[in-house]
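Novice: I have a structure I would like to understand better, so I am pasting it below and will then ask my questions one at a time.
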Amino acid sequence: MSRVRTDPLVAALTHPTRQGAYQALSQCDEMSTVQIQGVLNVDRYNLYHHLKRLVKVGLIENHRDVGRARWWRVVKQVPLPSMGGDDTSMSTSPLDELSKLTHVHSIDLTDSRGQVGAKQLVQRLAQEYNIPLDLPWNFLPGKIILVGTKKKDDE
């Protein structure tokens, strides 16, 4: 099976730490790792991991090192993806659309047996309907949402 693909820039910026680092760097010419760490309040090892991902997709660069300090800057300006917060645009999320439906049922999967069974069901359905889906081996769903349509009275 093939993996579900998305734009690498969007995928990189959907993580809150990477999005925060990119936003902070976008507001000035350059920042040191320590300055970014202070803004985001994350440990340095975690921050380096996220900065490297932003470098990999070509959004930022480590453009100079002074002693032990690394200095970062934005090399590509892109709009930030919506995180579903205070965005008041006209577009609605799929979850907003689901909440309007009357035949929606949620199943909480509290034990690993149910989670594994749900994962296998989703994989079989994807295969049957030729939907490219490659779930990681350690993916276990916590909840399944079922959406049904109401039959018309004349059927």
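Letters A, B, ... go to the chains of the structure tokens in the order shown; residues in each chain start at 1; ligands are counted from 1 in the same order.
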I'd like the contact shell of stretch 44-54 of chain A - 9 Å cut-off, only C-alpha atoms, skipping same-chain residues fewer than 4 positions apart - returned as a list in words.
Specialist: Leu9, Ala12, Leu13, His15, Thr17, Arg18, Ala21, Tyr22, Thr33, Val34, Ile36, Gln37, Leu40, Gly58, Leu59, Ile60, Glu61, Asn62 and Trp72 of chain A
Novice: Name the closest residue to A:Val42 among the candidates A:Gly142, A:Pro79, A:Gly20, A:Gly117; distances are taken between atoms, counting only C-alpha atoms.
Specialist: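 When distances to A:Val42 are compared using only C-alpha atoms, the smallest one comes from A:Gly20.
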Novice: Choose the residue, out of A:Glu30, A:Leu133, A:Leu140, A:Glu128, that has the smallest atom-to-atom separation from A:Gln115; count only C-alpha atoms.
Specialist: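 Using only C-alpha atoms, the shortest distance to A:Gln115 belongs to A:Leu140.
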Novice: Compare A:Ala118, A:Asn130, A:Thr110, A:Gly38 by their minimum atom-to-atom distance to A:Leu146, counting only C-alpha atoms, and give me the closest one.
Specialist: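 Going through A:Ala118, A:Asn130, A:Thr110, A:Gly38 one by one, the smallest distance to A:Leu146 is for A:Ala118.
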Novice: Quote the spacing between atom CA of A:Pro141 and atom CA of A:Ser112 in Å to one decimal place.
Specialist: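 These two atoms are separated by 9.2 Å.
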Novice: One decimal, in Å: what's the spacing between atom CA of A:Cys28 and atom CA of A:Val78?
Specialist: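 So the two atoms, atom CA of A:Cys28 and atom CA of A:Val78, lie 15.1 Å apart.
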Novice: Pick out the closest residue to A:Gln19 from this set: A:Val75, A:Val66, A:Asp7, A:Leu80. Count only C-alpha atoms.
Specialist: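 Comparing A:Val75, A:Val66, A:Asp7, A:Leu80 against A:Gln19, the winner is A:Leu80.
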Novice: DSSP on the backbone, then: every residue of stretch 5-150 of chain A marked strand (DSSP E), written as an mmCIF file with N, CA and C atoms, in the first residue's frame.
Specialist:
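This went into out-v9.cif:
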data_model
loop_
_atom_site.group_PDB
_atom_site.id
_atom_site.type_symbol
_atom_site.label_atom_id
_atom_site.label_comp_id
_atom_site.auth_asym_id
_atom_site.auth_seq_id
_atom_site.Cartn_x
_atom_site.Cartn_y
_atom_site.Cartn_z
ATOM 1 N N MET A 31 17.470 34.700 14.855
ATOM 2 C CA MET A 31 17.389 34.372 16.277
ATOM 3 C C MET A 31 18.370 33.248 16.570
ATOM 4 N N SER A 32 18.906 33.263 17.777
ATOM 5 C CA SER A 32 19.762 32.159 18.203
ATOM 6 C C SER A 32 18.875 31.029 18.720
ATOM 7 N N ILE A 60 13.833 27.375 6.766
ATOM 8 C CA ILE A 60 14.798 28.153 7.542
ATOM 9 C C ILE A 60 16.199 27.627 7.256
ATOM 10 N N GLU A 61 17.197 28.366 7.742
ATOM 11 C CA GLU A 61 18.570 27.892 7.646
ATOM 12 C C GLU A 61 19.350 28.320 8.870
ATOM 13 N N ASN A 62 20.368 27.534 9.193
ATOM 14 C CA ASN A 62 21.341 27.897 10.220
ATOM 15 C C ASN A 62 22.436 28.627 9.465
ATOM 16 N N HIS A 63 22.354 29.954 9.465
ATOM 17 C CA HIS A 63 23.209 30.711 8.565
ATOM 18 C C HIS A 63 24.535 31.134 9.172
ATOM 19 N N ARG A 64 24.679 31.039 10.485
ATOM 20 C CA ARG A 64 25.989 31.336 11.066
ATOM 21 C C ARG A 64 26.080 30.743 12.464
ATOM 22 N N ASP A 65 27.306 30.427 12.821
ATOM 23 C CA ASP A 65 27.607 29.937 14.159
ATOM 24 C C ASP A 65 28.630 30.882 14.772
ATOM 25 N N VAL A 66 28.356 31.324 15.991
ATOM 26 C CA VAL A 66 29.284 32.192 16.722
ATOM 27 C C VAL A 66 29.582 31.485 18.030
ATOM 28 N N ALA A 69 26.928 29.279 19.779
ATOM 29 C CA ALA A 69 25.575 29.752 19.425
ATOM 30 C C ALA A 69 25.311 29.533 17.939
ATOM 31 N N ARG A 70 24.139 28.982 17.648
ATOM 32 C CA ARG A 70 23.681 28.836 16.260
ATOM 33 C C ARG A 70 22.629 29.902 16.003
ATOM 34 N N TRP A 71 22.706 30.522 14.845
ATOM 35 C CA TRP A 71 21.763 31.574 14.475
ATOM 36 C C TRP A 71 20.943 31.111 13.286
ATOM 37 N N TRP A 72 19.645 31.327 13.369
ATOM 38 C CA TRP A 72 18.687 30.835 12.391
ATOM 39 C C TRP A 72 17.951 31.991 11.751
ATOM 40 N N ARG A 73 17.524 31.793 10.510
ATOM 41 C CA ARG A 73 16.688 32.789 9.822
ATOM 42 C C ARG A 73 15.789 32.085 8.817
ATOM 43 N N VAL A 74 14.712 32.774 8.481
ATOM 44 C CA VAL A 74 13.751 32.271 7.502
ATOM 45 C C VAL A 74 14.319 32.504 6.109
ATOM 46 N N VAL A 104 -24.606 10.430 13.276
ATOM 47 C CA VAL A 104 -23.195 10.320 13.593
ATOM 48 C C VAL A 104 -23.071 9.575 14.914
ATOM 49 N N HIS A 105 -22.243 8.557 14.906
ATOM 50 C CA HIS A 105 -22.032 7.769 16.112
ATOM 51 C C HIS A 105 -20.539 7.677 16.378
ATOM 52 N N SER A 106 -20.167 7.822 17.617
ATOM 53 C CA SER A 106 -18.775 7.748 18.023
ATOM 54 C C SER A 106 -18.566 6.510 18.881
ATOM 55 N N ILE A 107 -17.527 5.770 18.578
ATOM 56 C CA ILE A 107 -17.204 4.568 19.345
ATOM 57 C C ILE A 107 -15.830 4.777 19.974
ATOM 58 N N ASP A 108 -15.794 4.804 21.302
ATOM 59 C CA ASP A 108 -14.518 4.901 22.010
ATOM 60 C C ASP A 108 -13.886 3.522 22.063
ATOM 61 N N LYS A 143 -10.614 6.274 18.741
ATOM 62 C CA LYS A 143 -12.047 6.495 18.557
ATOM 63 C C LYS A 143 -12.358 6.320 17.075
ATOM 64 N N ILE A 144 -13.520 5.793 16.800
ATOM 65 C CA ILE A 144 -14.005 5.678 15.416
ATOM 66 C C ILE A 144 -15.304 6.460 15.340
ATOM 67 N N ILE A 145 -15.446 7.243 14.277
ATOM 68 C CA ILE A 145 -16.680 7.998 14.063
ATOM 69 C C ILE A 145 -17.372 7.433 12.832
ATOM 70 N N LEU A 146 -18.629 7.034 13.001
ATOM 71 C CA LEU A 146 -19.424 6.491 11.903
ATOM 72 C C LEU A 146 -20.431 7.551 11.474
ATOM 73 N N VAL A 147 -20.513 7.754 10.168
ATOM 74 C CA VAL A 147 -21.443 8.732 9.626
ATOM 75 C C VAL A 147 -22.340 7.995 8.647
#
